[in-house]
Amino acid sequence: MQASAVALKRTKPLQQRLFVEEGGCLRVRPFLKWAGGKTRLLPALRQSLPPRFNRYFEPFLGGGALFFDLSPGNAILGDSNPELINCYQVVRENPRDLLTALSKFRVNDAEFYRLRELEAERLSPVVQAARLIYLNKTCYNGLYRVNRQGRFNTPYGRHSNVTLVDPENLMAASAVLRRVQLVCADFTAVLESAVKGDLIYLDPPYVPVGKFSDFKRYTKDQFCEVDQERLAKTFRDLSAKGCFVLLSNSFNEKTAKQYSKFLQRTVKMPRFVNCKGGGRGHVEELLISNFEPK
């Protein structure tokens, strides 16, 4: 596959590779490169699951790494970001139209800023989803960030080689998503129907641990300290119902204290999103659950 990629790059020097084709059996992977995504945390998350569960809930969907890894047959996925939920809906319902729309884009800074200036709400669902994938894959560090008006404002990433989407993986993701319910709402609304035996994975915007680790500008309403407190209460309420609840967050004294009555363990993970290269080392992440893992 690497040899063919090099050959394609040489024959089309003005256009970066848009798609990667792979043969054989394919494990579904996230189709978005999400800042704070859990692909590298998957081994630890797999070790933190209950032996069995009923439905799967994920109210802070993002890239959906754990969801795609599990590919559960019955799931409710949510997020407060309407563009993100629209993207998942389009992948589920119109993946071929989405691939066609993406194939028309060119990877360069002029195209990036042209698309960034478009008002998402004025676009068709398919074009809006294609725009989100394009901006996600070509912006700086895959960081979805908006200003107070809700406008995407992350700059161009100047990547040397960009793959917008893998068609085979996108079609596999579409098939998995047909089994789930998608909800655009606050996490409390997404979790209203959770009952005993359901598994809830909570992956909120992390509590900042340094000057350059602020990910709360995820929607124009942000996700602040009071929301972290609401989340801790929701965790306790779900536990009282008999749900299996697993949460990941940055390791810090306040968060550890908020969940002091529950099982906690720390995991060291590489940090790749930082505006200064020297700030990209390893950070400790906190995994919290109300059950003993399998």
# chains A, B, ... in the order shown; residues from 1 in each chain; ligands from 1
$ select_by_dssp --residues "range 114-234 of chain A" --states "helix (DSSP H, G or I)" --output "ChimeraX atom specification"
/A:114-117,120-122,125-138,140-142,167-177,187-190,225-234
$ residues_around --residues "range 167-183 of chain A" --least-positions-apart "2" --cutoff "9 Å" --atoms "only C-alpha atoms" --output "PDB file with N, CA and C atoms, in the first residue's frame"
ATOM      1  N   PHE A  19      -8.221   9.551  -0.899  1.00  0.00           N
ATOM      2  CA  PHE A  19      -8.753   8.299  -0.389  1.00  0.00           C
ATOM      3  C   PHE A  19      -7.674   7.239  -0.298  1.00  0.00           C
ATOM      4  N   VAL A  20      -7.828   6.329   0.660  1.00  0.00           N
ATOM      5  CA  VAL A  20      -6.968   5.163   0.790  1.00  0.00           C
ATOM      6  C   VAL A  20      -7.831   3.927   0.625  1.00  0.00           C
ATOM      7  N   GLU A  21      -7.458   3.041  -0.278  1.00  0.00           N
ATOM      8  CA  GLU A  21      -8.220   1.823  -0.482  1.00  0.00           C
ATOM      9  C   GLU A  21      -7.460   0.660   0.128  1.00  0.00           C
ATOM     10  N   GLU A  22      -8.153  -0.172   0.864  1.00  0.00           N
ATOM     11  CA  GLU A  22      -7.541  -1.317   1.508  1.00  0.00           C
ATOM     12  C   GLU A  22      -8.374  -2.554   1.213  1.00  0.00           C
ATOM     13  N   GLY A  23      -7.695  -3.685   0.999  1.00  0.00           N
ATOM     14  CA  GLY A  23      -8.399  -4.928   0.733  1.00  0.00           C
ATOM     15  C   GLY A  23      -8.506  -5.764   1.981  1.00  0.00           C
ATOM     16  N   LEU A  26     -11.753  -5.539   7.259  1.00  0.00           N
ATOM     17  CA  LEU A  26     -11.461  -4.214   7.790  1.00  0.00           C
ATOM     18  C   LEU A  26     -12.148  -4.018   9.132  1.00  0.00           C
ATOM     19  N   ARG A  27     -11.381  -3.658  10.150  1.00  0.00           N
ATOM     20  CA  ARG A  27     -11.969  -3.293  11.440  1.00  0.00           C
ATOM     21  C   ARG A  27     -12.373  -1.828  11.351  1.00  0.00           C
ATOM     22  N   VAL A  28     -13.572  -1.519  11.784  1.00  0.00           N
ATOM     23  CA  VAL A  28     -14.067  -0.151  11.654  1.00  0.00           C
ATOM     24  C   VAL A  28     -13.259   0.779  12.543  1.00  0.00           C
ATOM     25  N   ARG A  29     -12.841   1.895  11.982  1.00  0.00           N
ATOM     26  CA  ARG A  29     -12.065   2.891  12.708  1.00  0.00           C
ATOM     27  C   ARG A  29     -12.776   4.245  12.623  1.00  0.00           C
ATOM     28  N   PRO A  30     -12.468   5.177  13.504  1.00  0.00           N
ATOM     29  CA  PRO A  30     -13.064   6.514  13.401  1.00  0.00           C
ATOM     30  C   PRO A  30     -12.737   7.141  12.047  1.00  0.00           C
ATOM     31  N   PHE A  31     -13.706   7.823  11.457  1.00  0.00           N
ATOM     32  CA  PHE A  31     -13.472   8.503  10.185  1.00  0.00           C
ATOM     33  C   PHE A  31     -13.087   9.960  10.399  1.00  0.00           C
ATOM     34  N   PRO A  59     -22.478   9.904  25.226  1.00  0.00           N
ATOM     35  CA  PRO A  59     -23.065  11.225  25.008  1.00  0.00           C
ATOM     36  C   PRO A  59     -22.066  12.310  24.598  1.00  0.00           C
ATOM     37  N   PHE A  68     -16.745   2.463  17.853  1.00  0.00           N
ATOM     38  CA  PHE A  68     -16.403   1.692  16.666  1.00  0.00           C
ATOM     39  C   PHE A  68     -15.615   0.435  17.028  1.00  0.00           C
ATOM     40  N   SER A  71     -18.399  -1.757  18.360  1.00  0.00           N
ATOM     41  CA  SER A  71     -19.463  -1.964  17.364  1.00  0.00           C
ATOM     42  C   SER A  71     -20.675  -2.671  17.977  1.00  0.00           C
ATOM     43  N   PRO A  72     -21.256  -2.106  19.029  1.00  0.00           N
ATOM     44  CA  PRO A  72     -22.379  -2.773  19.701  1.00  0.00           C
ATOM     45  C   PRO A  72     -23.623  -2.818  18.819  1.00  0.00           C
ATOM     46  N   GLY A  73     -24.464  -3.789  19.055  1.00  0.00           N
ATOM     47  CA  GLY A  73     -25.663  -3.937  18.255  1.00  0.00           C
ATOM     48  C   GLY A  73     -26.778  -2.979  18.624  1.00  0.00           C
ATOM     49  N   ASN A  74     -26.697  -2.380  19.802  1.00  0.00           N
ATOM     50  CA  ASN A  74     -27.743  -1.466  20.267  1.00  0.00           C
ATOM     51  C   ASN A  74     -27.079  -0.331  21.021  1.00  0.00           C
ATOM     52  N   ALA A  75     -27.128   0.869  20.458  1.00  0.00           N
ATOM     53  CA  ALA A  75     -26.412   1.991  21.068  1.00  0.00           C
ATOM     54  C   ALA A  75     -27.173   3.287  20.864  1.00  0.00           C
ATOM     55  N   ILE A  76     -26.969   4.216  21.799  1.00  0.00           N
ATOM     56  CA  ILE A  76     -27.461   5.585  21.686  1.00  0.00           C
ATOM     57  C   ILE A  76     -26.247   6.500  21.785  1.00  0.00           C
ATOM     58  N   LEU A  77     -25.990   7.240  20.713  1.00  0.00           N
ATOM     59  CA  LEU A  77     -24.826   8.111  20.630  1.00  0.00           C
ATOM     60  C   LEU A  77     -25.296   9.555  20.551  1.00  0.00           C
ATOM     61  N   GLY A  78     -24.622  10.436  21.266  1.00  0.00           N
ATOM     62  CA  GLY A  78     -25.042  11.827  21.264  1.00  0.00           C
ATOM     63  C   GLY A  78     -23.878  12.783  21.357  1.00  0.00           C
ATOM     64  N   ASP A  79     -24.173  14.025  21.078  1.00  0.00           N
ATOM     65  CA  ASP A  79     -23.189  15.094  21.215  1.00  0.00           C
ATOM     66  C   ASP A  79     -23.963  16.412  21.128  1.00  0.00           C
ATOM     67  N   SER A  80     -23.416  17.449  21.741  1.00  0.00           N
ATOM     68  CA  SER A  80     -24.066  18.751  21.686  1.00  0.00           C
ATOM     69  C   SER A  80     -23.654  19.546  20.453  1.00  0.00           C
ATOM     70  N   ILE A  85     -23.059  15.702  14.759  1.00  0.00           N
ATOM     71  CA  ILE A  85     -24.148  14.740  14.655  1.00  0.00           C
ATOM     72  C   ILE A  85     -24.667  14.668  13.223  1.00  0.00           C
ATOM     73  N   TYR A  88     -22.358  12.360  11.297  1.00  0.00           N
ATOM     74  CA  TYR A  88     -22.631  10.945  11.561  1.00  0.00           C
ATOM     75  C   TYR A  88     -23.910  10.482  10.860  1.00  0.00           C
ATOM     76  N   GLN A  89     -24.919  11.347  10.831  1.00  0.00           N
ATOM     77  CA  GLN A  89     -26.165  10.987  10.156  1.00  0.00           C
ATOM     78  C   GLN A  89     -25.948  10.799   8.658  1.00  0.00           C
ATOM     79  N   VAL A  90     -25.139  11.669   8.060  1.00  0.00           N
ATOM     80  CA  VAL A  90     -24.857  11.564   6.628  1.00  0.00           C
ATOM     81  C   VAL A  90     -24.029  10.318   6.340  1.00  0.00           C
ATOM     82  N   VAL A  91     -23.043  10.024   7.179  1.00  0.00           N
ATOM     83  CA  VAL A  91     -22.267   8.795   7.000  1.00  0.00           C
ATOM     84  C   VAL A  91     -23.192   7.583   7.065  1.00  0.00           C
ATOM     85  N   ARG A  92     -24.140   7.601   7.970  1.00  0.00           N
ATOM     86  CA  ARG A  92     -25.079   6.487   8.121  1.00  0.00           C
ATOM     87  C   ARG A  92     -26.011   6.356   6.920  1.00  0.00           C
ATOM     88  N   GLU A  93     -26.523   7.492   6.434  1.00  0.00           N
ATOM     89  CA  GLU A  93     -27.618   7.441   5.464  1.00  0.00           C
ATOM     90  C   GLU A  93     -27.198   7.719   4.017  1.00  0.00           C
ATOM     91  N   ASN A  94     -26.143   8.514   3.812  1.00  0.00           N
ATOM     92  CA  ASN A  94     -25.749   8.896   2.451  1.00  0.00           C
ATOM     93  C   ASN A  94     -24.236   8.827   2.245  1.00  0.00           C
ATOM     94  N   PRO A  95     -23.597   7.693   2.556  1.00  0.00           N
ATOM     95  CA  PRO A  95     -22.134   7.638   2.465  1.00  0.00           C
ATOM     96  C   PRO A  95     -21.592   7.838   1.050  1.00  0.00           C
ATOM     97  N   ARG A  96     -22.303   7.366   0.031  1.00  0.00           N
ATOM     98  CA  ARG A  96     -21.804   7.500  -1.342  1.00  0.00           C
ATOM     99  C   ARG A  96     -21.882   8.948  -1.810  1.00  0.00           C
ATOM    100  N   LEU A  99     -18.954  10.708  -0.244  1.00  0.00           N
ATOM    101  CA  LEU A  99     -17.687  10.436  -0.941  1.00  0.00           C
ATOM    102  C   LEU A  99     -17.587  11.268  -2.214  1.00  0.00           C
ATOM    103  N   VAL A 165     -10.507  10.571   3.522  1.00  0.00           N
ATOM    104  CA  VAL A 165     -11.371   9.474   3.968  1.00  0.00           C
ATOM    105  C   VAL A 165     -10.950   8.174   3.294  1.00  0.00           C
ATOM    106  N   ALA A 185     -27.848  16.703  21.588  1.00  0.00           N
ATOM    107  CA  ALA A 185     -28.395  17.254  22.829  1.00  0.00           C
ATOM    108  C   ALA A 185     -27.319  17.279  23.904  1.00  0.00           C
ATOM    109  N   ALA A 189     -29.686  14.847  28.486  1.00  0.00           N
ATOM    110  CA  ALA A 189     -30.813  14.421  27.661  1.00  0.00           C
ATOM    111  C   ALA A 189     -30.504  13.111  26.945  1.00  0.00           C
ATOM    112  N   VAL A 190     -29.258  12.940  26.504  1.00  0.00           N
ATOM    113  CA  VAL A 190     -28.865  11.711  25.811  1.00  0.00           C
ATOM    114  C   VAL A 190     -29.020  10.505  26.730  1.00  0.00           C
TER     115      VAL A 190
END
$ residues_around --residues "Ala232 in chain A" --least-positions-apart "5" --cutoff "9 Å" --atoms "only C-alpha atoms" --output "PDB file with C-alpha atoms, in the first residue's frame"
ATOM      1  CA  ASP A 227     -20.672  21.319  33.562  1.00  0.00           C
ATOM      2  CA  ASP A 237     -27.280   9.172  39.489  1.00  0.00           C
ATOM      3  CA  THR A 255     -11.496  15.471  39.471  1.00  0.00           C
ATOM      4  CA  GLN A 258     -15.138  14.544  42.789  1.00  0.00           C
ATOM      5  CA  TYR A 259     -15.145  10.795  42.071  1.00  0.00           C
TER       6      TYR A 259
END
$ closest_residue --among "A:Arg46, A:Arg230, A:Arg106, A:Lys294" --to "Thr163 in chain A" --atoms "only C-alpha atoms"
A:Arg106
$ closest_residue --among "A:Phe262, A:Ser248, A:Ile133, A:Tyr140" --to "Asp166 in chain A" --atoms "only C-alpha atoms"
A:Ile133
$ select_by_dssp --residues "range 4-217 of chain A" --states "strand (DSSP E or B)" --output "mmCIF file with C-alpha atoms, in the first residue's frame"
data_model
loop_
_atom_site.group_PDB
_atom_site.id
_atom_site.type_symbol
_atom_site.label_atom_id
_atom_site.label_comp_id
_atom_site.auth_asym_id
_atom_site.auth_seq_id
_atom_site.Cartn_x
_atom_site.Cartn_y
_atom_site.Cartn_z
ATOM 1 C CA PHE A 19 -8.753 8.299 -0.389
ATOM 2 C CA TYR A 56 -24.226 1.237 24.945
ATOM 3 C CA PHE A 57 -24.417 5.018 25.508
ATOM 4 C CA GLU A 58 -21.832 7.626 24.529
ATOM 5 C CA ALA A 75 -26.412 1.991 21.068
ATOM 6 C CA ILE A 76 -27.461 5.585 21.686
ATOM 7 C CA LEU A 77 -24.826 8.111 20.630
ATOM 8 C CA GLY A 78 -25.042 11.827 21.264
ATOM 9 C CA ASP A 79 -23.189 15.094 21.215
ATOM 10 C CA CYS A 139 -6.797 21.944 10.151
ATOM 11 C CA VAL A 146 -15.261 27.541 17.559
ATOM 12 C CA PHE A 152 -15.004 27.245 13.248
ATOM 13 C CA TYR A 156 -4.866 25.460 8.315
ATOM 14 C CA VAL A 165 -11.371 9.474 3.968
ATOM 15 C CA VAL A 180 -27.715 3.135 16.558
ATOM 16 C CA GLN A 181 -29.776 6.144 17.566
ATOM 17 C CA LEU A 182 -28.093 9.545 17.097
ATOM 18 C CA VAL A 183 -29.063 12.459 19.341
ATOM 19 C CA CYS A 184 -27.928 16.086 19.251
ATOM 20 C CA LEU A 199 -22.983 0.779 29.717
ATOM 21 C CA ILE A 200 -22.286 4.507 29.595
ATOM 22 C CA TYR A 201 -18.916 5.826 28.437
ATOM 23 C CA LEU A 202 -18.335 9.466 29.372
#
$ residues_around --residues "Ser48 in chain A" --least-positions-apart "2" --cutoff "8 Å" --atoms "only C-alpha atoms" --output "PDB file with N, CA and C atoms, in the first residue's frame"
ATOM      1  N   ALA A  44      -6.402   0.376  27.223  1.00  0.00           N
ATOM      2  CA  ALA A  44      -6.792   0.596  28.615  1.00  0.00           C
ATOM      3  C   ALA A  44      -8.312   0.585  28.770  1.00  0.00           C
ATOM      4  N   LEU A  45      -9.017   1.131  27.785  1.00  0.00           N
ATOM      5  CA  LEU A  45     -10.481   1.141  27.860  1.00  0.00           C
ATOM      6  C   LEU A  45     -11.050  -0.270  27.769  1.00  0.00           C
ATOM      7  N   ARG A  46     -10.465  -1.091  26.907  1.00  0.00           N
ATOM      8  CA  ARG A  46     -10.941  -2.479  26.790  1.00  0.00           C
ATOM      9  C   ARG A  46     -10.795  -3.222  28.110  1.00  0.00           C
ATOM     10  N   PRO A  50     -17.110  -3.764  31.661  1.00  0.00           N
ATOM     11  CA  PRO A  50     -17.758  -4.831  32.446  1.00  0.00           C
ATOM     12  C   PRO A  50     -17.806  -6.124  31.624  1.00  0.00           C
ATOM     13  N   LEU A 246     -18.366   4.390  32.915  1.00  0.00           N
ATOM     14  CA  LEU A 246     -16.920   4.538  32.744  1.00  0.00           C
ATOM     15  C   LEU A 246     -16.653   5.947  32.249  1.00  0.00           C
ATOM     16  N   SER A 289     -14.566   4.322  37.159  1.00  0.00           N
ATOM     17  CA  SER A 289     -15.716   3.437  36.904  1.00  0.00           C
ATOM     18  C   SER A 289     -16.406   3.107  38.215  1.00  0.00           C
ATOM     19  N   GLU A 292     -16.066  -3.187  38.906  1.00  0.00           N
ATOM     20  CA  GLU A 292     -14.797  -3.853  38.694  1.00  0.00           C
ATOM     21  C   GLU A 292     -14.723  -4.326  37.245  1.00  0.00           C
ATOM     22  N   PRO A 293     -13.678  -3.979  36.505  1.00  0.00           N
ATOM     23  CA  PRO A 293     -13.596  -4.390  35.106  1.00  0.00           C
ATOM     24  C   PRO A 293     -13.457  -5.895  34.965  1.00  0.00           C
ATOM     25  N   LYS A 294     -13.723  -6.368  33.752  1.00  0.00           N
ATOM     26  CA  LYS A 294     -13.683  -7.807  33.503  1.00  0.00           C
ATOM     27  C   LYS A 294     -12.270  -8.323  33.632  1.00  0.00           C
TER      28      LYS A 294
END
$ residues_around --residues "His159 in chain A" --least-positions-apart "2" --cutoff "12 Å" --atoms "only C-alpha atoms" --output "list of chain:residue names"
A:Gln16, A:Arg17, A:Val107, A:Asn108, A:Asp109, A:Phe112, A:Asn136, A:Lys137, A:Thr138, A:Cys139, A:Tyr140, A:Asn141, A:Gly142, A:Pro155, A:Tyr156, A:Gly157, A:Asn161, A:Val162, A:Thr163, A:Leu164
$ atom_distance --atom1 "CA of Arg236 in chain A" --atom2 "CA of Ile288 in chain A"
11.7 Å
